[in-house]
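Asks: Here you go, upload-v8.pdb (PDB, C-alpha atoms):
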```
ATOM      1  CA  GLU A   1     -78.031 114.062 -21.965
ATOM      2  CA  GLU A   2     -78.295 112.469 -25.412
ATOM      3  CA  ARG A   3     -81.574 114.073 -26.446
ATOM      4  CA  GLU A   4     -81.614 117.622 -27.750
ATOM      5  CA  LEU A   5     -82.670 120.352 -25.336
ATOM      6  CA  THR A   6     -83.544 124.010 -25.353
ATOM      7  CA  VAL A   7     -81.196 125.934 -23.068
ATOM      8  CA  THR A   8     -81.904 129.554 -22.136
ATOM      9  CA  PHE A   9     -79.671 131.891 -20.159
ATOM     10  CA  LEU A  10     -81.240 134.677 -18.075
ATOM     11  CA  VAL A  11     -78.287 136.930 -17.237
ATOM     12  CA  ASP A  12     -78.412 139.782 -14.726
ATOM     13  CA  THR A  13     -76.560 142.815 -16.129
ATOM     14  CA  SER A  14     -77.245 145.231 -13.279
ATOM     15  CA  ALA A  15     -74.313 147.334 -12.087
ATOM     16  CA  SER A  16     -73.497 145.084  -9.115
ATOM     17  CA  GLY A  17     -71.896 142.740 -11.645
ATOM     18  CA  ALA A  18     -69.107 145.265 -12.264
ATOM     19  CA  PHE A  19     -67.822 144.797  -8.701
ATOM     20  CA  GLY A  20     -64.632 142.869  -8.091
ATOM     21  CA  SER A  21     -61.970 142.891  -5.379
ATOM     22  CA  THR A  22     -59.902 140.167  -7.070
ATOM     23  CA  ASP A  23     -58.390 140.144 -10.563
ATOM     24  CA  GLN A  24     -61.822 139.392 -12.027
ATOM     25  CA  ALA A  25     -65.130 141.244 -11.739
ATOM     26  CA  LYS A  26     -68.327 139.295 -11.153
ATOM     27  CA  LEU A  27     -69.593 140.004 -14.676
ATOM     28  CA  GLU A  28     -66.360 138.686 -16.187
ATOM     29  CA  ARG A  29     -66.823 135.414 -14.303
ATOM     30  CA  ILE A  30     -70.465 135.305 -15.418
ATOM     31  CA  VAL A  31     -69.400 135.605 -19.077
ATOM     32  CA  GLU A  32     -66.736 132.923 -18.606
ATOM     33  CA  VAL A  33     -69.076 130.391 -16.998
ATOM     34  CA  SER A  34     -71.899 131.130 -19.445
ATOM     35  CA  ALA A  35     -69.492 130.534 -22.343
ATOM     36  CA  LEU A  36     -68.515 127.117 -20.958
ATOM     37  CA  LEU A  37     -72.143 126.082 -20.575
ATOM     38  CA  MET A  38     -73.115 127.418 -23.992
ATOM     39  CA  PHE A  39     -70.355 125.428 -25.698
ATOM     40  CA  ALA A  40     -71.433 122.327 -23.761
ATOM     41  CA  ALA A  41     -74.957 122.846 -25.130
ATOM     42  CA  LEU A  42     -73.515 123.358 -28.627
ATOM     43  CA  ARG A  43     -71.714 119.993 -28.439
ATOM     44  CA  ASN A  44     -75.073 118.402 -27.600
ATOM     45  CA  ASN A  45     -76.701 120.135 -30.588
ATOM     46  CA  ASP A  46     -79.074 121.969 -28.242
ATOM     47  CA  LYS A  47     -80.869 125.195 -29.019
ATOM     48  CA  VAL A  48     -79.375 128.054 -26.979
ATOM     49  CA  GLY A  49     -81.009 131.395 -26.182
ATOM     50  CA  LEU A  50     -80.186 134.459 -24.101
ATOM     51  CA  ALA A  51     -82.083 137.162 -22.218
ATOM     52  CA  LEU A  52     -80.231 140.058 -20.587
ATOM     53  CA  PHE A  53     -82.010 141.900 -17.797
ATOM     54  CA  ALA A  54     -81.685 144.525 -15.074
ATOM     55  CA  ASP A  55     -84.938 146.269 -14.078
ATOM     56  CA  GLY A  56     -86.491 144.486 -17.066
ATOM     57  CA  VAL A  57     -85.356 142.441 -20.059
ATOM     58  CA  THR A  58     -83.116 144.620 -22.226
ATOM     59  CA  ARG A  59     -82.118 142.093 -24.909
ATOM     60  CA  TYR A  60     -83.549 138.771 -25.995
ATOM     61  CA  LEU A  61     -82.247 136.291 -28.536
ATOM     62  CA  ALA A  62     -84.513 133.300 -29.081
ATOM     63  CA  PRO A  63     -82.999 129.810 -28.795
ATOM     64  CA  ARG A  64     -81.305 128.554 -31.956
ATOM     65  CA  LYS A  65     -78.892 125.807 -32.901
ATOM     66  CA  GLY A  66     -75.398 126.095 -34.289
ATOM     67  CA  LYS A  67     -71.977 127.521 -33.606
ATOM     68  CA  GLY A  68     -72.806 130.831 -35.278
ATOM     69  CA  SER A  69     -75.744 131.342 -32.948
ATOM     70  CA  VAL A  70     -73.681 130.590 -29.836
ATOM     71  CA  LEU A  71     -70.904 132.934 -30.956
ATOM     72  CA  ARG A  72     -73.497 135.673 -31.443
ATOM     73  CA  LEU A  73     -74.764 135.148 -27.891
ATOM     74  CA  LEU A  74     -71.216 135.349 -26.549
ATOM     75  CA  ARG A  75     -70.597 138.593 -28.443
ATOM     76  CA  GLU A  76     -73.706 140.014 -26.794
ATOM     77  CA  LEU A  77     -72.444 138.951 -23.355
ATOM     78  CA  VAL A  78     -68.929 140.290 -23.862
ATOM     79  CA  ALA A  79     -70.313 143.646 -25.014
ATOM     80  CA  VAL A  80     -72.588 144.065 -21.978
ATOM     81  CA  GLU A  81     -72.354 147.390 -20.155
ATOM     82  CA  PRO A  82     -73.624 147.046 -16.551
ATOM     83  CA  VAL A  83     -76.898 148.926 -16.037
ATOM     84  CA  ARG A  84     -77.379 151.144 -12.983
ATOM     85  CA  ALA A  85     -80.882 149.992 -12.139
ATOM     86  CA  ALA A  86     -82.676 147.814  -9.615
ATOM     87  CA  THR A  87     -82.520 144.086 -10.286
ATOM     88  CA  ARG A  88     -85.965 142.721 -11.216
ATOM     89  CA  ILE A  89     -85.598 138.956 -11.352
ATOM     90  CA  ASP A  90     -89.367 138.597 -11.098
ATOM     91  CA  GLU A  91     -89.776 140.592 -14.332
ATOM     92  CA  ALA A  92     -87.177 138.476 -16.125
ATOM     93  CA  LEU A  93     -88.890 135.237 -15.078
ATOM     94  CA  ALA A  94     -92.298 136.557 -16.113
ATOM     95  CA  PHE A  95     -90.828 137.450 -19.517
ATOM     96  CA  LEU A  96     -89.407 133.934 -19.821
ATOM     97  CA  MET A  97     -92.828 132.412 -19.185
ATOM     98  CA  ARG A  98     -94.323 134.534 -21.967
ATOM     99  CA  VAL A  99     -91.743 133.712 -24.640
ATOM    100  CA  GLN A 100     -90.617 130.173 -23.749
ATOM    101  CA  LYS A 101     -93.695 127.962 -23.951
ATOM    102  CA  ARG A 102     -91.963 124.599 -24.302
ATOM    103  CA  ARG A 103     -89.896 123.073 -21.498
ATOM    104  CA  ALA A 104     -86.293 124.259 -21.344
ATOM    105  CA  VAL A 105     -83.244 124.178 -19.131
ATOM    106  CA  VAL A 106     -82.945 127.721 -17.772
ATOM    107  CA  PHE A 107     -79.766 129.086 -16.224
ATOM    108  CA  LEU A 108     -80.662 132.103 -14.071
ATOM    109  CA  VAL A 109     -77.359 133.938 -13.606
ATOM    110  CA  SER A 110     -77.703 136.623 -10.930
ATOM    111  CA  ASP A 111     -76.763 137.636  -7.384
ATOM    112  CA  LEU A 112     -80.492 137.103  -6.632
ATOM    113  CA  LEU A 113     -80.813 140.434  -4.835
ATOM    114  CA  GLY A 114     -83.808 142.692  -5.368
ATOM    115  CA  PRO A 115     -87.597 142.553  -4.916
ATOM    116  CA  ASP A 116     -88.934 139.136  -3.942
ATOM    117  CA  TRP A 117     -88.836 136.692  -6.843
ATOM    118  CA  SER A 118     -90.025 133.555  -5.003
ATOM    119  CA  ARG A 119     -93.473 133.272  -6.646
ATOM    120  CA  GLU A 120     -92.210 133.783 -10.205
ATOM    121  CA  LEU A 121     -89.351 131.317  -9.690
ATOM    122  CA  SER A 122     -91.695 128.617  -8.393
ATOM    123  CA  ILE A 123     -93.999 129.099 -11.387
ATOM    124  CA  ALA A 124     -91.085 129.029 -13.861
ATOM    125  CA  ASN A 125     -89.586 125.894 -12.330
ATOM    126  CA  ARG A 126     -92.855 124.012 -12.689
ATOM    127  CA  ARG A 127     -92.629 124.406 -16.474
ATOM    128  CA  HIS A 128     -88.852 124.487 -16.897
ATOM    129  CA  ASP A 129     -85.752 123.051 -15.227
ATOM    130  CA  VAL A 130     -84.311 126.192 -13.622
ATOM    131  CA  VAL A 131     -80.762 126.304 -12.256
ATOM    132  CA  ALA A 132     -79.627 129.377 -10.304
ATOM    133  CA  ILE A 133     -76.000 130.396 -10.822
ATOM    134  CA  THR A 134     -74.708 132.999  -8.387
ATOM    135  CA  VAL A 135     -71.323 134.690  -8.615
ATOM    136  CA  ALA A 136     -70.099 136.437  -5.489
ATOM    137  CA  ASP A 137     -67.030 138.400  -4.483
ATOM    138  CA  PRO A 138     -65.337 137.771  -1.105
ATOM    139  CA  ARG A 139     -65.838 141.399  -0.074
ATOM    140  CA  GLU A 140     -69.598 140.960  -0.287
ATOM    141  CA  HIS A 141     -69.366 138.571   2.660
ATOM    142  CA  GLU A 142     -66.517 139.975   4.728
ATOM    143  CA  LEU A 143     -65.041 143.453   5.136
ATOM    144  CA  PRO A 144     -61.301 144.014   5.545
ATOM    145  CA  ASP A 145     -59.920 145.944   8.495
ATOM    146  CA  ALA A 146     -59.065 149.042   6.449
ATOM    147  CA  GLY A 147     -60.300 151.975   8.537
ATOM    148  CA  LEU A 148     -62.874 154.403   7.194
ATOM    149  CA  LEU A 149     -64.158 153.468   3.736
ATOM    150  CA  THR A 150     -66.735 155.143   1.516
ATOM    151  CA  LEU A 151     -68.898 152.453  -0.084
ATOM    152  CA  ARG A 152     -71.086 153.067  -3.113
ATOM    153  CA  ASP A 153     -74.225 151.100  -3.958
ATOM    154  CA  ALA A 154     -73.579 150.044  -7.555
ATOM    155  CA  GLU A 155     -77.251 150.103  -8.503
ATOM    156  CA  THR A 156     -78.448 153.288  -6.779
ATOM    157  CA  GLY A 157     -75.226 155.286  -6.515
ATOM    158  CA  ALA A 158     -75.871 155.933  -2.807
ATOM    159  CA  LEU A 159     -72.740 156.526  -0.697
ATOM    160  CA  ARG A 160     -72.125 155.319   2.847
ATOM    161  CA  LEU A 161     -69.179 155.886   5.172
ATOM    162  CA  VAL A 162     -68.250 152.674   6.981
ATOM    163  CA  ASP A 163     -65.707 152.225   9.773
ATOM    164  CA  THR A 164     -64.186 148.875   8.818
ATOM    165  CA  GLY A 165     -61.692 149.289  11.652
ATOM    166  CA  SER A 166     -64.515 148.438  14.076
ATOM    167  CA  ARG A 167     -64.763 144.720  14.791
ATOM    168  CA  ARG A 168     -68.441 145.187  15.647
ATOM    169  CA  VAL A 169     -69.094 146.709  12.213
ATOM    170  CA  ARG A 170     -67.236 143.886  10.445
ATOM    171  CA  GLU A 171     -69.082 141.224  12.437
ATOM    172  CA  ALA A 172     -72.451 142.841  11.730
ATOM    173  CA  PHE A 173     -71.626 142.997   8.019
ATOM    174  CA  ALA A 174     -70.674 139.302   7.948
ATOM    175  CA  ARG A 175     -73.763 138.367   9.966
ATOM    176  CA  ASN A 176     -76.040 140.226   7.558
ATOM    177  CA  ALA A 177     -74.338 138.546   4.602
ATOM    178  CA  ARG A 178     -74.905 135.093   6.119
ATOM    179  CA  ALA A 179     -78.556 135.908   6.783
ATOM    180  CA  ARG A 180     -78.976 137.112   3.202
ATOM    181  CA  GLU A 181     -77.442 133.912   1.833
ATOM    182  CA  ALA A 182     -79.593 131.751   4.107
ATOM    183  CA  SER A 183     -82.717 133.563   2.885
ATOM    184  CA  ILE A 184     -81.749 133.001  -0.760
ATOM    185  CA  ASP A 185     -81.033 129.318  -0.131
ATOM    186  CA  GLU A 186     -84.366 128.853   1.618
ATOM    187  CA  ARG A 187     -86.335 130.484  -1.211
ATOM    188  CA  LEU A 188     -84.524 128.352  -3.785
ATOM    189  CA  ARG A 189     -85.191 125.227  -1.729
ATOM    190  CA  ARG A 190     -88.911 126.002  -1.546
ATOM    191  CA  ALA A 191     -89.004 126.500  -5.306
ATOM    192  CA  GLY A 192     -87.103 123.241  -5.897
ATOM    193  CA  VAL A 193     -84.286 125.045  -7.723
ATOM    194  CA  ASP A 194     -80.648 123.928  -7.551
ATOM    195  CA  ARG A 195     -78.014 126.563  -6.862
ATOM    196  CA  LEU A 196     -74.500 126.676  -8.275
ATOM    197  CA  ALA A 197     -72.642 129.173  -6.068
ATOM    198  CA  LEU A 198     -69.400 130.504  -7.542
ATOM    199  CA  SER A 199     -66.833 133.015  -6.291
ATOM    200  CA  THR A 200     -64.471 135.333  -8.154
ATOM    201  CA  ALA A 201     -61.732 134.193  -5.760
ATOM    202  CA  GLU A 202     -61.935 130.481  -6.610
ATOM    203  CA  ASP A 203     -61.371 128.281  -9.632
ATOM    204  CA  HIS A 204     -64.820 127.370 -10.950
ATOM    205  CA  SER A 205     -63.962 124.294 -13.025
ATOM    206  CA  ARG A 206     -64.084 121.777 -10.177
ATOM    207  CA  THR A 207     -67.164 123.417  -8.676
ATOM    208  CA  LEU A 208     -68.950 123.057 -12.015
ATOM    209  CA  GLN A 209     -67.934 119.405 -12.316
ATOM    210  CA  ARG A 210     -69.096 118.558  -8.797
ATOM    211  CA  PHE A 211     -72.400 120.353  -9.300
ATOM    212  CA  PHE A 212     -73.342 118.625 -12.543
ATOM    213  CA  ARG A 213     -72.189 115.212 -11.294
ATOM    214  CA  MET A 214     -74.518 115.716  -8.318
ATOM    215  CA  ARG A 215     -77.423 116.606 -10.616
ATOM    216  CA  GLU A 216     -76.673 113.675 -12.893
ATOM    217  CA  ARG A 217     -76.721 111.207  -9.990
ATOM    218  CA  ARG A 218     -79.956 112.636  -8.620
ATOM    219  CA  LEU A 219     -81.768 112.678 -11.970
ATOM    220  CA  ALA A 220     -80.668 109.084 -12.657
ATOM    221  CA  ARG A 221     -82.494 107.792  -9.566
TER     222      ARG A 221
END
```
Show me, as structure tokens, the structure contained in the file I just sent.

Replies:
Amino acid sequence: EERELTVTFLVDTSASGAFGSTDQAKLERIVEVSALLMFAALRNNDKVGLALFADGVTRYLAPRKGKGSVLRLLRELVAVEPVRAATRIDEALAFLMRVQKRRAVVFLVSDLLGPDWSRELSIANRRHDVVAITVADPREHELPDAGLLTLRDAETGALRLVDTGSRRVREAFARNARAREASIDERLRRAGVDRLALSTAEDHSRTLQRFFRMRERRLAR
């Protein structure tokens, strides 16, 4: 858009972001995509801000203009150490509503797992234009046939022995993943929030282009 905007990034830094079965962890992809969007906002002379969160907001930099400000935000993102804590998206959105009074474009970058955030997202999207960006890894949706594996919950540290050699176990895992994704999509739909779903196993450039062309066409109606 030609007019100046305020753009705020709410970035989930919980430990699940450190996971990666490809050559890139989820958090690395998050930093990469956030950098692209921040530089796009910089070219438009927008104000850009950043809030990092896990079980609460751990770092907040208020929206400002200029290349120096964007580079500072990127340094903060690159230096992030994943936090072993529950993901509280509801707390991050409540924080946003307290500090960001004027309308903004808000990129919520998270796997959207954790205590129910539906109410807070609906409230935030009534004031702001919220876009949910999710970054997933293929192994979060489908297990390989690799025999007995010990899996660790990144956020709680809990261990679980899983027999991935069992087709029934693999099918149940995939079924639960599909149900989880369907639940997230339904909650986003009810809140009127667009979702940009990215994967560590795919090139994100075309996905980004398609997504924003779709939004541009819809907003032009």

Asks: Between atom CA of A:Val169 and atom CA of A:His141, measure the distance and give it in Å to one decimal.

Replies: 12.6 Å

Asks: Hey, what comes out of the PyMOL selection byres ((chain A and resi 39) around 12) on this file? Could you write it as a list in words?

Replies: Val7, Glu32, Val33, Ser34, Ala35, Leu36, Leu37, Met38, Ala40, Ala41, Leu42, Arg43, Asn44, Asn45, Asp46, Lys47, Val48, Lys65, Gly66, Lys67, Gly68, Ser69, Val70, Leu71, Leu73 and Leu74 of chain A

Asks: Measuring atom to atom with only C-alpha atoms, identify which of A:Leu52, A:Leu208, A:Ile133, A:Leu151 is nearest to A:Val83.

Replies: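 Closest to A:Val83 of all the choices is A:Leu52.
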
Asks: Given the file shown, enumerate the residues that the PyMOL selection byres ((chain A and resi 91) around 12) captures and present them as a PyMOL selection string.

Replies: chain A and resi 10+12+51-58+86-90+92-98+114-121+124

Asks: Grab the residues selected above and save them as a PDB file, in the frame of the given file with C-alpha atoms.

Replies:
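Here's the written file out_19.pdb:
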```
ATOM      1  CA  LEU A  10     -81.240 134.677 -18.075  1.00  0.00           C
ATOM      2  CA  ASP A  12     -78.412 139.782 -14.726  1.00  0.00           C
ATOM      3  CA  ALA A  51     -82.083 137.162 -22.218  1.00  0.00           C
ATOM      4  CA  LEU A  52     -80.231 140.058 -20.587  1.00  0.00           C
ATOM      5  CA  PHE A  53     -82.010 141.900 -17.797  1.00  0.00           C
ATOM      6  CA  ALA A  54     -81.685 144.525 -15.074  1.00  0.00           C
ATOM      7  CA  ASP A  55     -84.938 146.269 -14.078  1.00  0.00           C
ATOM      8  CA  GLY A  56     -86.491 144.486 -17.066  1.00  0.00           C
ATOM      9  CA  VAL A  57     -85.356 142.441 -20.059  1.00  0.00           C
ATOM     10  CA  THR A  58     -83.116 144.620 -22.226  1.00  0.00           C
ATOM     11  CA  ALA A  86     -82.676 147.814  -9.615  1.00  0.00           C
ATOM     12  CA  THR A  87     -82.520 144.086 -10.286  1.00  0.00           C
ATOM     13  CA  ARG A  88     -85.965 142.721 -11.216  1.00  0.00           C
ATOM     14  CA  ILE A  89     -85.598 138.956 -11.352  1.00  0.00           C
ATOM     15  CA  ASP A  90     -89.367 138.597 -11.098  1.00  0.00           C
ATOM     16  CA  ALA A  92     -87.177 138.476 -16.125  1.00  0.00           C
ATOM     17  CA  LEU A  93     -88.890 135.237 -15.078  1.00  0.00           C
ATOM     18  CA  ALA A  94     -92.298 136.557 -16.113  1.00  0.00           C
ATOM     19  CA  PHE A  95     -90.828 137.450 -19.517  1.00  0.00           C
ATOM     20  CA  LEU A  96     -89.407 133.934 -19.821  1.00  0.00           C
ATOM     21  CA  MET A  97     -92.828 132.412 -19.185  1.00  0.00           C
ATOM     22  CA  ARG A  98     -94.323 134.534 -21.967  1.00  0.00           C
ATOM     23  CA  GLY A 114     -83.808 142.692  -5.368  1.00  0.00           C
ATOM     24  CA  PRO A 115     -87.597 142.553  -4.916  1.00  0.00           C
ATOM     25  CA  ASP A 116     -88.934 139.136  -3.942  1.00  0.00           C
ATOM     26  CA  TRP A 117     -88.836 136.692  -6.843  1.00  0.00           C
ATOM     27  CA  SER A 118     -90.025 133.555  -5.003  1.00  0.00           C
ATOM     28  CA  ARG A 119     -93.473 133.272  -6.646  1.00  0.00           C
ATOM     29  CA  GLU A 120     -92.210 133.783 -10.205  1.00  0.00           C
ATOM     30  CA  LEU A 121     -89.351 131.317  -9.690  1.00  0.00           C
ATOM     31  CA  ALA A 124     -91.085 129.029 -13.861  1.00  0.00           C
TER      32      ALA A 124
END
```

Asks: Nearest to A:Val193: which of A:Asp137, A:Thr164, A:Arg215, A:Pro144 is it, counting only C-alpha atoms?

Replies: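 Among A:Asp137, A:Thr164, A:Arg215, A:Pro144, it is A:Arg215 that comes nearest to A:Val193.
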
Asks: Can you measure atom CA of A:Leu27 to atom CA of A:Asp129 for me? One decimal in Å is fine.

Replies: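 Atom-to-atom, atom CA of A:Leu27 to atom CA of A:Asp129, that is 23.4 Å.
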
Asks: Please evaluate the PyMOL selection byres ((chain A and resi 149) around 7) against the structure above and give the resulting residues as a ChimeraX atom specification.

Replies: /A:147-148,150-151,161-164

Asks: Save out the residues we just selected, C-alpha atoms, as a PDB file, in the frame of the given file.

Replies:
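The resulting file, selection.pdb, is shown below:
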```pdb
ATOM      1  CA  GLY A 147     -60.300 151.975   8.537  1.00  0.00           C
ATOM      2  CA  LEU A 148     -62.874 154.403   7.194  1.00  0.00           C
ATOM      3  CA  THR A 150     -66.735 155.143   1.516  1.00  0.00           C
ATOM      4  CA  LEU A 151     -68.898 152.453  -0.084  1.00  0.00           C
ATOM      5  CA  LEU A 161     -69.179 155.886   5.172  1.00  0.00           C
ATOM      6  CA  VAL A 162     -68.250 152.674   6.981  1.00  0.00           C
ATOM      7  CA  ASP A 163     -65.707 152.225   9.773  1.00  0.00           C
ATOM      8  CA  THR A 164     -64.186 148.875   8.818  1.00  0.00           C
TER       9      THR A 164
END
```

Asks: Could you check the closest approach to A:Ile30 for each of A:Ala197, A:Leu5, A:Leu113, A:Val130 and tell me which residue wins, using all atoms listed in the file?

Replies: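 Once distances to A:Ile30 are computed over all atoms listed in the file, the minimum belongs to A:Ala197.
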
Asks: To one decimal in Å, tell me the separation between atom CA of A:Ser183 and atom CA of A:Arg195.

Replies: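 Taking atom CA of A:Ser183 as the start and atom CA of A:Arg195 as the end point, the length is 12.9 Å.
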
Asks: Measuring between only C-alpha atoms, which one of A:Ala132, A:Met214, A:Leu77, A:Leu143 shows the shortest distance to A:Arg187?

Replies: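 The closest residue to A:Arg187 is A:Ala132.
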
Asks: From the options A:Phe212, A:Leu108, A:Glu142, A:Ser122, which residue's atoms come nearest to A:Arg189, counting all atoms listed in the file?

Replies: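 Of the candidates, the smallest distance to A:Arg189 is held by A:Ser122.
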